[in-house]
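File shown: coords-v2.cif. Contents: mmCIF, C-alpha atoms.
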```cif
data_final
loop_
_atom_site.label_atom_id
_atom_site.label_comp_id
_atom_site.auth_asym_id
_atom_site.auth_seq_id
_atom_site.Cartn_x
_atom_site.Cartn_y
_atom_site.Cartn_z
CA MET A 1 43.26 -22.75 49.65
CA LYS A 2 39.83 -22.51 48.11
CA PRO A 3 37.43 -19.99 49.66
CA LYS A 4 34.62 -21.65 51.62
CA ALA A 5 30.95 -21.30 50.75
CA VAL A 6 27.73 -22.49 52.37
CA VAL A 7 25.30 -23.86 49.78
CA LEU A 8 21.63 -24.34 50.65
CA LEU A 9 20.81 -27.79 49.28
CA SER A 10 17.19 -28.89 49.31
CA GLY A 11 17.77 -31.87 47.08
CA GLY A 12 15.72 -30.41 44.24
CA LEU A 13 16.78 -29.58 40.69
CA ASP A 14 17.62 -25.93 41.40
CA SER A 15 19.75 -26.42 44.50
CA VAL A 16 21.75 -29.25 42.93
CA THR A 17 22.54 -27.05 39.95
CA THR A 18 23.52 -24.25 42.35
CA LEU A 19 25.94 -26.60 44.14
CA ALA A 20 27.50 -27.57 40.80
CA LEU A 21 27.92 -23.88 39.87
CA ALA A 22 29.48 -23.01 43.24
CA ARG A 23 32.00 -25.80 42.82
CA GLU A 24 32.73 -24.70 39.23
CA GLN A 25 33.43 -21.19 40.60
CA GLY A 26 36.14 -22.66 42.80
CA PHE A 27 34.47 -22.70 46.20
CA ALA A 28 35.03 -25.36 48.85
CA CYS A 29 31.35 -26.08 49.45
CA HIS A 30 29.56 -26.93 52.69
CA ALA A 31 26.00 -28.03 52.00
CA LEU A 32 23.15 -27.16 54.36
CA SER A 33 19.73 -28.82 54.29
CA LEU A 34 16.84 -27.93 56.53
CA ASP A 35 14.51 -30.55 57.89
CA TYR A 36 11.50 -28.29 58.34
CA GLY A 37 8.63 -30.73 58.54
CA GLN A 38 8.38 -31.24 54.81
CA ARG A 39 5.63 -33.60 53.79
CA HIS A 40 8.15 -36.20 52.74
CA ASP A 41 11.77 -37.15 53.45
CA ALA A 42 12.63 -38.06 49.86
CA GLU A 43 14.00 -34.57 49.18
CA LEU A 44 16.37 -34.75 52.18
CA ALA A 45 17.47 -38.24 51.21
CA ALA A 46 18.27 -36.89 47.73
CA ALA A 47 20.26 -34.00 49.27
CA LYS A 48 22.28 -36.47 51.32
CA ARG A 49 23.12 -38.66 48.31
CA ILE A 50 24.05 -35.62 46.19
CA ALA A 51 26.37 -34.17 48.85
CA GLN A 52 28.02 -37.56 49.35
CA ARG A 53 28.57 -38.00 45.64
CA ALA A 54 30.06 -34.49 45.43
CA GLY A 55 32.25 -35.22 48.45
CA VAL A 56 31.17 -32.09 50.32
CA GLU A 57 30.41 -31.66 54.02
CA HIS A 58 26.66 -31.80 54.62
CA LYS A 59 24.59 -30.80 57.62
CA ILE A 60 20.87 -31.37 58.05
CA VAL A 61 19.48 -28.93 60.61
CA PRO A 62 16.04 -29.69 62.07
CA ILE A 63 13.69 -26.73 62.41
CA GLY A 64 10.06 -26.90 63.44
CA LEU A 65 8.42 -24.77 60.76
CA ASP A 66 5.47 -27.16 60.91
CA ALA A 67 4.70 -25.69 64.36
CA ILE A 68 4.07 -22.36 62.62
CA GLY A 69 2.05 -23.79 59.72
CA GLY A 70 0.46 -21.60 57.07
CA SER A 71 1.67 -23.53 54.02
CA ALA A 72 0.61 -26.58 52.05
CA LEU A 73 4.24 -27.75 52.29
CA THR A 74 4.36 -27.88 56.10
CA ASP A 75 0.72 -28.18 57.17
CA SER A 76 -0.92 -31.48 56.30
CA ALA A 77 -4.35 -29.85 56.74
CA ILE A 78 -3.71 -27.75 53.59
CA ALA A 79 -3.82 -29.62 50.28
CA VAL A 80 -1.06 -29.22 47.69
CA PRO A 81 -2.85 -27.82 44.63
CA ASP A 82 -2.78 -29.81 41.39
CA HIS A 83 -3.29 -26.80 39.13
CA ALA A 84 -1.61 -23.40 38.63
CA SER A 85 -2.98 -20.48 40.68
CA GLU A 86 -2.86 -16.68 40.55
CA GLY A 87 -0.70 -14.67 42.98
CA ILE A 88 1.41 -16.07 45.82
CA PRO A 89 0.79 -19.84 45.95
CA ILE A 90 -0.33 -21.75 49.05
CA THR A 91 2.93 -23.70 48.83
CA TYR A 92 4.72 -20.49 49.94
CA VAL A 93 6.22 -21.21 53.39
CA PRO A 94 6.07 -18.01 55.49
CA ALA A 95 9.53 -16.41 55.82
CA ARG A 96 11.17 -19.64 54.63
CA ASN A 97 14.14 -18.18 52.79
CA THR A 98 14.76 -15.72 55.65
CA VAL A 99 14.98 -18.64 58.08
CA PHE A 100 17.16 -20.65 55.66
CA LEU A 101 19.53 -17.77 54.92
CA ALA A 102 19.78 -16.93 58.63
CA LEU A 103 20.91 -20.49 59.38
CA ALA A 104 23.32 -20.45 56.43
CA LEU A 105 24.71 -17.17 57.76
CA GLY A 106 25.19 -18.67 61.22
CA TRP A 107 27.09 -21.63 59.78
CA ALA A 108 29.12 -19.34 57.49
CA GLU A 109 30.24 -17.39 60.58
CA VAL A 110 31.32 -20.57 62.32
CA LEU A 111 33.17 -21.81 59.22
CA GLY A 112 34.75 -18.45 58.41
CA ALA A 113 32.96 -18.40 55.03
CA TRP A 114 31.86 -15.14 53.36
CA ASP A 115 29.84 -16.70 50.56
CA ILE A 116 26.37 -18.23 50.63
CA PHE A 117 24.67 -19.81 47.61
CA ILE A 118 20.90 -20.18 47.31
CA GLY A 119 19.08 -21.50 44.25
CA VAL A 120 16.20 -19.03 44.21
CA ASN A 121 14.65 -18.19 40.90
CA ALA A 122 12.57 -15.13 40.13
CA VAL A 123 11.36 -16.30 36.72
CA ASP A 124 9.34 -19.42 37.34
CA TYR A 125 8.49 -18.73 41.01
CA SER A 126 7.83 -15.01 40.75
CA GLY A 127 4.94 -15.53 43.16
CA TYR A 128 7.32 -16.03 46.12
CA PRO A 129 8.35 -12.66 47.60
CA ASP A 130 11.56 -14.06 49.06
CA CYS A 131 12.92 -15.15 45.65
CA ARG A 132 13.29 -11.60 44.27
CA PRO A 133 16.63 -9.78 43.75
CA GLU A 134 15.58 -6.87 46.02
CA TYR A 135 14.91 -9.33 48.84
CA ILE A 136 18.34 -10.95 48.40
CA ALA A 137 20.03 -7.52 48.40
CA ALA A 138 18.25 -6.65 51.66
CA PHE A 139 19.44 -9.89 53.24
CA GLU A 140 23.01 -9.16 52.18
CA ARG A 141 22.81 -5.76 53.93
CA LEU A 142 21.34 -7.42 57.01
CA ALA A 143 24.16 -10.00 57.09
CA GLN A 144 26.74 -7.20 57.36
CA LEU A 145 25.02 -5.79 60.43
CA ALA A 146 24.03 -9.12 62.01
CA THR A 147 27.42 -10.71 62.39
CA LYS A 148 30.71 -10.49 64.21
CA GLY A 149 32.55 -10.76 60.88
CA GLY A 150 30.43 -8.06 59.25
CA VAL A 151 30.98 -5.66 62.18
CA GLU A 152 34.71 -6.32 61.93
CA GLY A 153 34.66 -5.28 58.26
CA GLY A 154 34.22 -8.51 56.27
CA ALA A 155 31.74 -8.63 53.40
CA PHE A 156 29.15 -11.38 52.95
CA HIS A 157 27.91 -12.27 49.48
CA ILE A 158 24.63 -14.02 48.81
CA HIS A 159 25.02 -15.73 45.43
CA THR A 160 21.89 -16.48 43.41
CA PRO A 161 23.27 -17.83 40.14
CA LEU A 162 19.87 -19.11 38.95
CA ILE A 163 17.81 -16.03 39.77
CA ALA A 164 17.31 -14.87 36.18
CA MET A 165 17.43 -18.26 34.42
CA SER A 166 14.50 -20.13 32.90
CA LYS A 167 14.05 -23.75 34.01
CA ALA A 168 15.40 -24.87 30.63
CA GLU A 169 18.57 -22.76 31.09
CA ILE A 170 19.04 -24.20 34.58
CA ILE A 171 18.77 -27.74 33.21
CA ARG A 172 21.16 -27.06 30.33
CA THR A 173 23.66 -25.50 32.78
CA GLY A 174 23.45 -28.51 35.09
CA LEU A 175 23.84 -31.02 32.26
CA ARG A 176 26.96 -29.14 31.08
CA LEU A 177 28.35 -29.54 34.63
CA GLY A 178 27.49 -33.23 34.79
CA VAL A 179 24.52 -33.03 37.16
CA ASP A 180 22.47 -36.24 37.30
CA TYR A 181 18.91 -34.97 37.58
CA ALA A 182 17.47 -38.47 37.98
CA GLY A 183 18.62 -38.29 41.61
CA THR A 184 16.90 -34.99 42.42
CA VAL A 185 13.41 -34.57 43.87
CA SER A 186 11.38 -31.45 43.10
CA CYS A 187 7.83 -32.74 43.61
CA TYR A 188 5.85 -31.25 46.52
CA SER A 189 4.16 -34.61 47.10
CA ALA A 190 6.83 -37.18 46.28
CA ASP A 191 6.29 -40.66 47.70
CA ALA A 192 8.69 -42.40 50.10
CA GLU A 193 10.87 -43.56 47.18
CA GLY A 194 11.07 -40.01 45.83
CA ARG A 195 8.76 -40.69 42.88
CA ALA A 196 7.00 -37.57 41.62
CA CYS A 197 3.26 -36.91 41.34
CA GLY A 198 3.52 -35.18 37.96
CA VAL A 199 0.72 -32.70 38.66
CA CYS A 200 1.86 -30.19 41.33
CA ASP A 201 3.36 -26.78 40.44
CA ALA A 202 6.91 -28.02 41.00
CA CYS A 203 6.39 -31.09 38.77
CA ARG A 204 4.82 -29.03 36.01
CA LEU A 205 7.64 -26.46 35.99
CA ARG A 206 10.23 -29.20 35.98
CA ALA A 207 8.64 -31.19 33.16
CA ASP A 208 8.18 -28.01 31.10
CA GLY A 209 11.88 -27.24 31.71
CA PHE A 210 13.09 -30.57 30.32
CA ARG A 211 10.75 -30.16 27.35
CA ALA A 212 12.01 -26.60 26.65
CA ALA A 213 15.64 -27.71 27.09
CA GLY A 214 15.01 -30.39 24.49
CA VAL A 215 16.28 -33.24 26.68
CA ALA A 216 14.63 -36.37 28.00
CA ASP A 217 13.00 -35.96 31.43
CA PRO A 218 14.76 -38.42 33.79
CA THR A 219 12.22 -37.84 36.59
CA ARG A 220 10.79 -40.99 38.15
CA TYR A 221 7.01 -40.58 38.15
CA ARG A 222 4.68 -42.84 40.04
CA ALA A 223 1.89 -44.46 38.04
CA ALA A 224 -1.22 -42.29 37.57
CA GLY A 225 -3.81 -42.81 40.27
CA THR A 226 -1.36 -44.06 42.91
CA GLY A 227 -0.79 -40.61 44.49
CA MET B 1 -10.27 -6.16 68.59
CA LYS B 2 -6.72 -5.82 69.86
CA PRO B 3 -3.93 -5.89 67.28
CA LYS B 4 -1.89 -9.09 67.40
CA ALA B 5 1.82 -9.22 68.18
CA VAL B 6 4.41 -11.98 68.26
CA VAL B 7 6.68 -11.67 71.31
CA LEU B 8 9.98 -13.55 71.46
CA LEU B 9 10.01 -15.06 74.95
CA SER B 10 13.21 -16.75 76.12
CA GLY B 11 12.10 -16.94 79.74
CA GLY B 12 14.77 -14.49 80.89
CA LEU B 13 14.38 -11.15 82.63
CA ASP B 14 14.45 -9.05 79.46
CA SER B 15 11.94 -11.04 77.42
CA VAL B 16 9.46 -11.23 80.29
CA THR B 17 9.59 -7.46 80.70
CA THR B 18 9.12 -7.10 76.95
CA LEU B 19 5.99 -9.27 77.09
CA ALA B 20 4.60 -7.12 79.93
CA LEU B 21 5.27 -3.94 77.90
CA ALA B 22 3.64 -5.37 74.77
CA ARG B 23 0.53 -6.24 76.78
CA GLU B 24 0.51 -2.76 78.38
CA GLN B 25 0.60 -1.27 74.87
CA GLY B 26 -2.63 -3.10 74.08
CA PHE B 27 -1.42 -5.96 71.93
CA ALA B 28 -2.94 -9.44 71.92
CA CYS B 29 0.32 -11.30 72.44
CA HIS B 30 1.47 -14.63 70.99
CA ALA B 31 4.67 -15.78 72.66
CA LEU B 32 7.36 -17.64 70.72
CA SER B 33 10.22 -19.56 72.33
CA LEU B 34 12.99 -21.33 70.46
CA ASP B 35 14.39 -24.61 71.65
CA TYR B 36 17.82 -24.23 70.08
CA GLY B 37 19.91 -26.73 71.99
CA GLN B 38 20.42 -24.47 74.99
CA ARG B 39 22.56 -26.02 77.67
CA HIS B 40 19.57 -26.31 79.97
CA ASP B 41 15.77 -26.48 79.73
CA ALA B 42 15.11 -24.29 82.78
CA GLU B 43 14.79 -21.17 80.61
CA LEU B 44 12.14 -22.82 78.39
CA ALA B 45 10.28 -24.11 81.43
CA ALA B 46 10.25 -20.55 82.79
CA ALA B 47 8.92 -19.24 79.45
CA LYS B 48 6.11 -21.80 79.55
CA ARG B 49 5.07 -20.84 83.09
CA ILE B 50 5.21 -17.11 82.30
CA ALA B 51 3.08 -17.46 79.16
CA GLN B 52 0.55 -19.60 81.02
CA ARG B 53 0.31 -17.08 83.87
CA ALA B 54 -0.17 -14.25 81.35
CA GLY B 55 -2.81 -16.31 79.52
CA VAL B 56 -1.16 -15.89 76.11
CA GLU B 57 -0.74 -18.44 73.33
CA HIS B 58 2.75 -19.94 73.44
CA LYS B 59 4.68 -21.96 70.87
CA ILE B 60 8.06 -23.60 71.40
CA VAL B 61 9.75 -24.21 68.04
CA PRO B 62 12.68 -26.64 67.95
CA ILE B 63 15.67 -25.54 65.90
CA GLY B 64 18.99 -27.34 65.71
CA LEU B 65 21.42 -24.45 66.22
CA ASP B 66 23.61 -26.90 68.16
CA ALA B 67 24.34 -28.60 64.81
CA ILE B 68 26.01 -25.36 63.73
CA GLY B 69 27.90 -24.75 66.97
CA GLY B 70 30.28 -21.85 67.44
CA SER B 71 28.96 -20.61 70.80
CA ALA B 72 29.40 -21.50 74.42
CA LEU B 73 25.59 -21.46 74.69
CA THR B 74 25.01 -24.23 72.13
CA ASP B 75 28.29 -26.14 72.01
CA SER B 76 29.11 -28.11 75.13
CA ALA B 77 32.78 -28.27 74.05
CA ILE B 78 33.08 -24.49 74.67
CA ALA B 79 33.07 -23.38 78.32
CA VAL B 80 30.80 -20.55 79.52
CA PRO B 81 33.23 -17.91 80.84
CA ASP B 82 32.99 -16.91 84.50
CA HIS B 83 34.52 -13.46 83.97
CA ALA B 84 33.83 -10.46 81.71
CA SER B 85 35.67 -10.36 78.36
CA GLU B 86 36.58 -7.75 75.74
CA GLY B 87 34.77 -7.60 72.39
CA ILE B 88 32.07 -10.00 71.19
CA PRO B 89 31.67 -12.70 73.86
CA ILE B 90 31.89 -16.44 73.18
CA THR B 91 28.28 -16.70 74.37
CA TYR B 92 27.28 -14.94 71.12
CA VAL B 93 25.27 -17.47 69.07
CA PRO B 94 26.01 -16.92 65.35
CA ALA B 95 23.08 -15.20 63.60
CA ARG B 96 20.80 -16.05 66.52
CA ASN B 97 18.53 -13.02 66.43
CA THR B 98 18.27 -13.27 62.64
CA VAL B 99 17.03 -16.85 62.99
CA PHE B 100 14.68 -15.89 65.85
CA LEU B 101 13.24 -12.85 64.06
CA ALA B 102 12.81 -14.87 60.86
CA LEU B 103 10.71 -17.43 62.74
CA ALA B 104 8.74 -14.68 64.49
CA LEU B 105 8.11 -13.12 61.08
CA GLY B 106 6.87 -16.44 59.70
CA TRP B 107 4.43 -16.86 62.58
CA ALA B 108 3.35 -13.20 62.32
CA GLU B 109 2.45 -13.82 58.67
CA VAL B 110 0.38 -16.86 59.58
CA LEU B 111 -1.39 -14.99 62.42
CA GLY B 112 -1.93 -11.80 60.42
CA ALA B 113 0.18 -9.83 62.92
CA TRP B 114 2.26 -6.81 61.89
CA ASP B 115 4.11 -6.35 65.17
CA ILE B 116 7.03 -8.32 66.60
CA PHE B 117 8.58 -7.65 70.01
CA ILE B 118 12.14 -8.64 70.91
CA GLY B 119 13.87 -7.80 74.19
CA VAL B 120 17.28 -6.91 72.78
CA ASN B 121 19.37 -4.42 74.66
CA ALA B 122 22.25 -2.40 73.23
CA VAL B 123 23.47 -1.05 76.59
CA ASP B 124 24.54 -4.09 78.57
CA TYR B 125 25.09 -6.43 75.60
CA SER B 126 26.79 -4.01 73.24
CA GLY B 127 29.13 -6.85 72.28
CA TYR B 128 26.37 -8.64 70.32
CA PRO B 129 26.12 -7.23 66.77
CA ASP B 130 22.49 -8.35 66.39
CA CYS B 131 21.30 -6.28 69.36
CA ARG B 132 22.00 -2.88 67.80
CA PRO B 133 19.35 -0.44 66.46
CA GLU B 134 20.86 -0.42 62.95
CA TYR B 135 20.54 -4.21 62.82
CA ILE B 136 16.90 -4.07 63.88
CA ALA B 137 16.17 -1.38 61.27
CA ALA B 138 17.74 -3.59 58.58
CA PHE B 139 15.57 -6.54 59.65
CA GLU B 140 12.45 -4.36 59.46
CA ARG B 141 13.34 -3.43 55.87
CA LEU B 142 13.96 -7.10 55.07
CA ALA B 143 10.58 -8.10 56.52
CA GLN B 144 8.80 -5.79 54.06
CA LEU B 145 10.48 -7.50 51.12
CA ALA B 146 10.37 -11.06 52.50
CA THR B 147 6.66 -11.48 52.98
CA LYS B 148 3.37 -11.78 51.19
CA GLY B 149 1.92 -9.11 53.50
CA GLY B 150 4.83 -6.74 52.93
CA VAL B 151 4.58 -7.11 49.15
CA GLU B 152 0.86 -6.39 49.36
CA GLY B 153 1.61 -3.10 51.17
CA GLY B 154 1.40 -3.91 54.90
CA ALA B 155 4.08 -2.60 57.26
CA PHE B 156 5.89 -4.75 59.82
CA HIS B 157 7.22 -3.19 62.99
CA ILE B 158 10.00 -4.73 65.07
CA HIS B 159 9.55 -3.33 68.60
CA THR B 160 12.59 -3.20 70.87
CA PRO B 161 11.28 -1.39 73.95
CA LEU B 162 14.34 -2.27 76.07
CA ILE B 163 17.01 -1.36 73.53
CA ALA B 164 18.21 1.81 75.27
CA MET B 165 17.39 0.88 78.89
CA SER B 166 19.89 -0.02 81.59
CA LYS B 167 19.27 -3.30 83.42
CA ALA B 168 18.04 -1.28 86.44
CA GLU B 169 15.52 0.60 84.26
CA ILE B 170 14.29 -2.70 82.79
CA ILE B 171 13.78 -4.11 86.29
CA ARG B 172 11.97 -0.99 87.55
CA THR B 173 9.72 -1.07 84.46
CA GLY B 174 8.88 -4.73 85.01
CA LEU B 175 8.16 -4.26 88.71
CA ARG B 176 5.79 -1.38 87.86
CA LEU B 177 3.96 -3.79 85.53
CA GLY B 178 3.80 -6.54 88.13
CA VAL B 179 6.44 -8.87 86.67
CA ASP B 180 7.55 -11.61 89.09
CA TYR B 181 11.27 -11.90 88.39
CA ALA B 182 11.69 -14.85 90.75
CA GLY B 183 10.23 -17.02 87.98
CA THR B 184 12.66 -15.89 85.27
CA VAL B 185 15.94 -17.56 84.36
CA SER B 186 18.82 -15.50 82.90
CA CYS B 187 21.83 -17.63 83.86
CA TYR B 188 23.78 -19.24 81.01
CA SER B 189 24.47 -22.29 83.18
CA ALA B 190 21.33 -22.70 85.29
CA ASP B 191 20.78 -26.13 86.82
CA ALA B 192 17.75 -28.33 86.13
CA GLU B 193 15.71 -26.46 88.75
CA GLY B 194 16.58 -23.11 87.14
CA ARG B 195 18.96 -22.06 89.93
CA ALA B 196 21.60 -19.59 88.76
CA CYS B 197 25.40 -19.94 88.91
CA GLY B 198 25.96 -16.33 89.99
CA VAL B 199 29.22 -15.94 88.05
CA CYS B 200 28.48 -15.91 84.29
CA ASP B 201 28.02 -12.65 82.33
CA ALA B 202 24.23 -12.93 82.43
CA CYS B 203 24.18 -13.51 86.19
CA ARG B 204 26.53 -10.58 86.85
CA LEU B 205 24.50 -8.15 84.70
CA ARG B 206 21.29 -9.27 86.37
CA ALA B 207 22.62 -8.98 89.92
CA ASP B 208 24.10 -5.54 89.15
CA GLY B 209 20.70 -4.52 87.78
CA PHE B 210 18.81 -5.39 90.96
CA ARG B 211 21.50 -3.61 92.99
CA ALA B 212 21.30 -0.48 90.81
CA ALA B 213 17.48 -0.56 90.88
CA GLY B 214 17.66 -0.63 94.67
CA VAL B 215 15.46 -3.71 94.97
CA ALA B 216 16.09 -7.12 96.50
CA ASP B 217 17.38 -9.73 94.02
CA PRO B 218 14.79 -12.57 93.92
CA THR B 219 17.07 -14.85 91.86
CA ARG B 220 17.44 -18.39 93.18
CA TYR B 221 21.18 -19.10 93.28
CA ARG B 222 22.62 -22.53 93.87
CA ALA B 223 25.08 -22.88 96.75
CA ALA B 224 28.68 -21.94 95.89
CA GLY B 225 30.71 -24.90 94.71
CA THR B 226 27.73 -26.95 93.49
CA GLY B 227 27.89 -25.59 89.92
#
```
Produce structure tokens that represent the structure in this file.
Amino acid sequence: MKPKAVVLLSGGLDSVTTLALAREQGFACHALSLDYGQRHDAELAAAKRIAQRAGVEHKIVPIGLDAIGGSALTDSAIAVPDHASEGIPITYVPARNTVFLALALGWAEVLGAWDIFIGVNAVDYSGYPDCRPEYIAAFERLAQLATKGGVEGGAFHIHTPLIAMSKAEIIRTGLRLGVDYAGTVSCYSADAEGRACGVCDACRLRADGFRAAGVADPTRYRAAGTG
Amino acid sequence: MKPKAVVLLSGGLDSVTTLALAREQGFACHALSLDYGQRHDAELAAAKRIAQRAGVEHKIVPIGLDAIGGSALTDSAIAVPDHASEGIPITYVPARNTVFLALALGWAEVLGAWDIFIGVNAVDYSGYPDCRPEYIAAFERLAQLATKGGVEGGAFHIHTPLIAMSKAEIIRTGLRLGVDYAGTVSCYSADAEGRACGVCDACRLRADGFRAAGVADPTRYRAAGTG
């Protein structure tokens, strides 16, 4: 029997590639998406389609991060910037990956899984503190102490296969594994149909990645000026 | 100006005492309750009343832990036991305190608070892995690495003032600080009016605590056989 893994699946380019890598590594994957008051539902709809196509169990857990605010991604009073910025960007959602990994850990305990995959990346998003290897290592230590299984001697592993890859390497890896990137949504301000704005940080990184990978960008952009 | 603190407030005896201690220590408190698919809303209603009476800001954040299941407290298919058990009890909610502390950390970042209070107790609930001092220490280390503030050099403190107290000591502490325990709900199976069953683990620990403290138990119990 294949070992089980919980894979955090946002519906964006990185998480879809992570799911493909987890399956390639022989895990029976259980995909977890968080409905955290994102500005748009297109990302979750993409996650749902991707999980269905992969034939993996998929749960969408609602969580009211919008009640806490503090980020352009969850607080509609804060604008998503259309240009690169210095330091930790305003799109950083406070403690987001800690909340996501905690929920993945809870589900892993219920499933009897010891492996959790998260598509964090320390190269392109180095501004996010909770995407760094030292953060992931600290969460792995916490998981041992936090859980029934850890106390009883089992070992949790937090897999971050993308952490040191460039966007172009991620895209090349996904294409090798047959990922259809046209169905993924990375844009912070996608419209209801999942069409991208083309100007936010996430769109810029993604477009640069396709360019650097030397492949055509399959992203569906909305017409300029319709944002 | 008083330093700010986020206090996790379930509405039970322990969290209310924790809030009173945080206020006594001079913190401007912001109370956080999680609506995680508990079997009853009486605990949240109690938290709301307590925060109002104390005049502190209060947020209730919804989080779908019931989608994950695995505990008698969130899964209606699992019965709440009416007798003590060996080992980690079935009322343990997988990764619950990790999820709760992660959300408290997110709100602390938004508020600019460096202090988080949680009423965990390692004496009575030694069966819960995420109530032990080594777990709390690991979360404190994680918080440093997880956050913008931690990366910039600030230090988070997770306060657990009850961790080594017996239930009787907690009750005596609360009474000294003027806590009205009649308004708190600890029972795992309280009815809609917040009346306790008197037989679950939480009820037994609470009743024993009042007995050991030598004070009258103000808990409102429902009549036997009406559970």
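Of the residues under consideration (B:Val179, B:Ile158, B:Leu101, B:Leu9), B:Leu101 shows the shortest atom-to-atom contact distance to chain A when counting only C-alpha atoms.
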Open item on the list: If the PyMOL selection byres ((chain B) within 6 of (chain A)) were run on this exact file, what residues would it hold? Put them as a list of chain:residue names.
Closed with: B:Val61, B:Pro62, B:Ile63, B:Gly64, B:Ile68, B:Gly70, B:Pro94, B:Ala95, B:Thr98, B:Val99, B:Ala102, B:Gly106, B:Trp107, B:Val110, B:Pro129, B:Asp130, B:Tyr135, B:Ala138, B:Leu142, B:Leu145, B:Ala146, B:Thr147
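Proximity to B:Thr173 at 8 Å, evaluated using only C-alpha atoms and with sequence-adjacent residues fewer than 4 positions away removed, yields Thr17, Glu169 and Leu177 of chain B.
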Export, as a short mmCIF file (atom, residue, chain, number, x, y, z; two decimals), keeping the file's coordinate frame, the selected residues with C-alpha atoms.
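The result, written out as out_33.cif:
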```
data_model
loop_
_atom_site.label_atom_id
_atom_site.label_comp_id
_atom_site.auth_asym_id
_atom_site.auth_seq_id
_atom_site.Cartn_x
_atom_site.Cartn_y
_atom_site.Cartn_z
CA THR B 17 9.59 -7.46 80.70
CA GLU B 169 15.52 0.60 84.26
CA LEU B 177 3.96 -3.79 85.53
#
```
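Reported to one decimal place, the separation of atom CA of B:Cys200 from atom CA of B:Ile170 is 19.4 Å.
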- [ ] Identify all residues satisfying the PyMOL selection byres ((chain B and resi 6) around 8) in the given file; provide them as an MDAnalysis selection string.
- [x] chainID B and resid 4:5 7:8 29:32 104 107:108 113 115:117
Open item on the list: Need the shell around A:Gly198: protein/DNA/RNA residues with any atom at most 10 Å away, counting only C-alpha atoms. Skip same-chain ones fewer than 6 positions apart. Format as number ranges by chain?
Closed with: A: 82, 187-190, 204-207, 219-224, 227
Task: Result set of the PyMOL selection byres ((chain A and resi 192) around 7) on the coordinates above, as an MDAnalysis selection string - done: chainID A and resid 40:42 190:191 193:194
Open item on the list: Excluding B:Gly214 and its own-chain neighbours fewer than 3 positions away, which residues fall within 10 Å of it when counting only C-alpha atoms? Please give them as a list in words.
Closed with: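 Contacts, in chain order: Ala168, Ile171, Arg172, Asp208, Gly209, Phe210, Arg211 and Asp217 of chain B.
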- [ ] Could you give me, as an MDAnalysis selection string, the residues that have an atom at most 6 Å away from the point (13.9, -20.2, 80.4) in the coordinates of the file, using all atoms listed in the file?
- [x] chainID B and resid 10:12 42:47 185
Open item on the list: Can you measure atom CA of B:Lys167 to atom CA of B:Ala196 for me? One decimal in Å is fine.
Closed with: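 Interatomic distance, atom CA of B:Lys167 to atom CA of B:Ala196: 17.3 Å.
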- [ ] In Å, rounded to a single decimal, give me how far atom CA of A:Lys48 is from atom CA of A:Arg176.
- [x] 22.0 Å
- [ ] Counting only C-alpha atoms, figure out which residue out of B:Asp201, B:Gly55, B:Pro3, B:Gly37 gets nearest to B:Gln25.
- [x]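 Using only C-alpha atoms, the shortest distance to B:Gln25 belongs to B:Pro3.
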For stretch 167-179 of chain A, take all atoms listed in the file, fit an axis-aligned box around them, add 4 Å to each of the six sides, then output centre and edge lengths in Å rounded to one decimal, as lines of an AutoDock Vina configuration file.
```
center_x = 21.2
center_y = -28.0
center_z = 33.7
size_x = 22.3
size_y = 18.5
size_z = 14.8
```
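Of the listed residues (B:Ser186, B:Asp14, B:Arg49, B:Val215), B:Ser186 comes nearest to B:Ala202; the distances count all atoms listed in the file.
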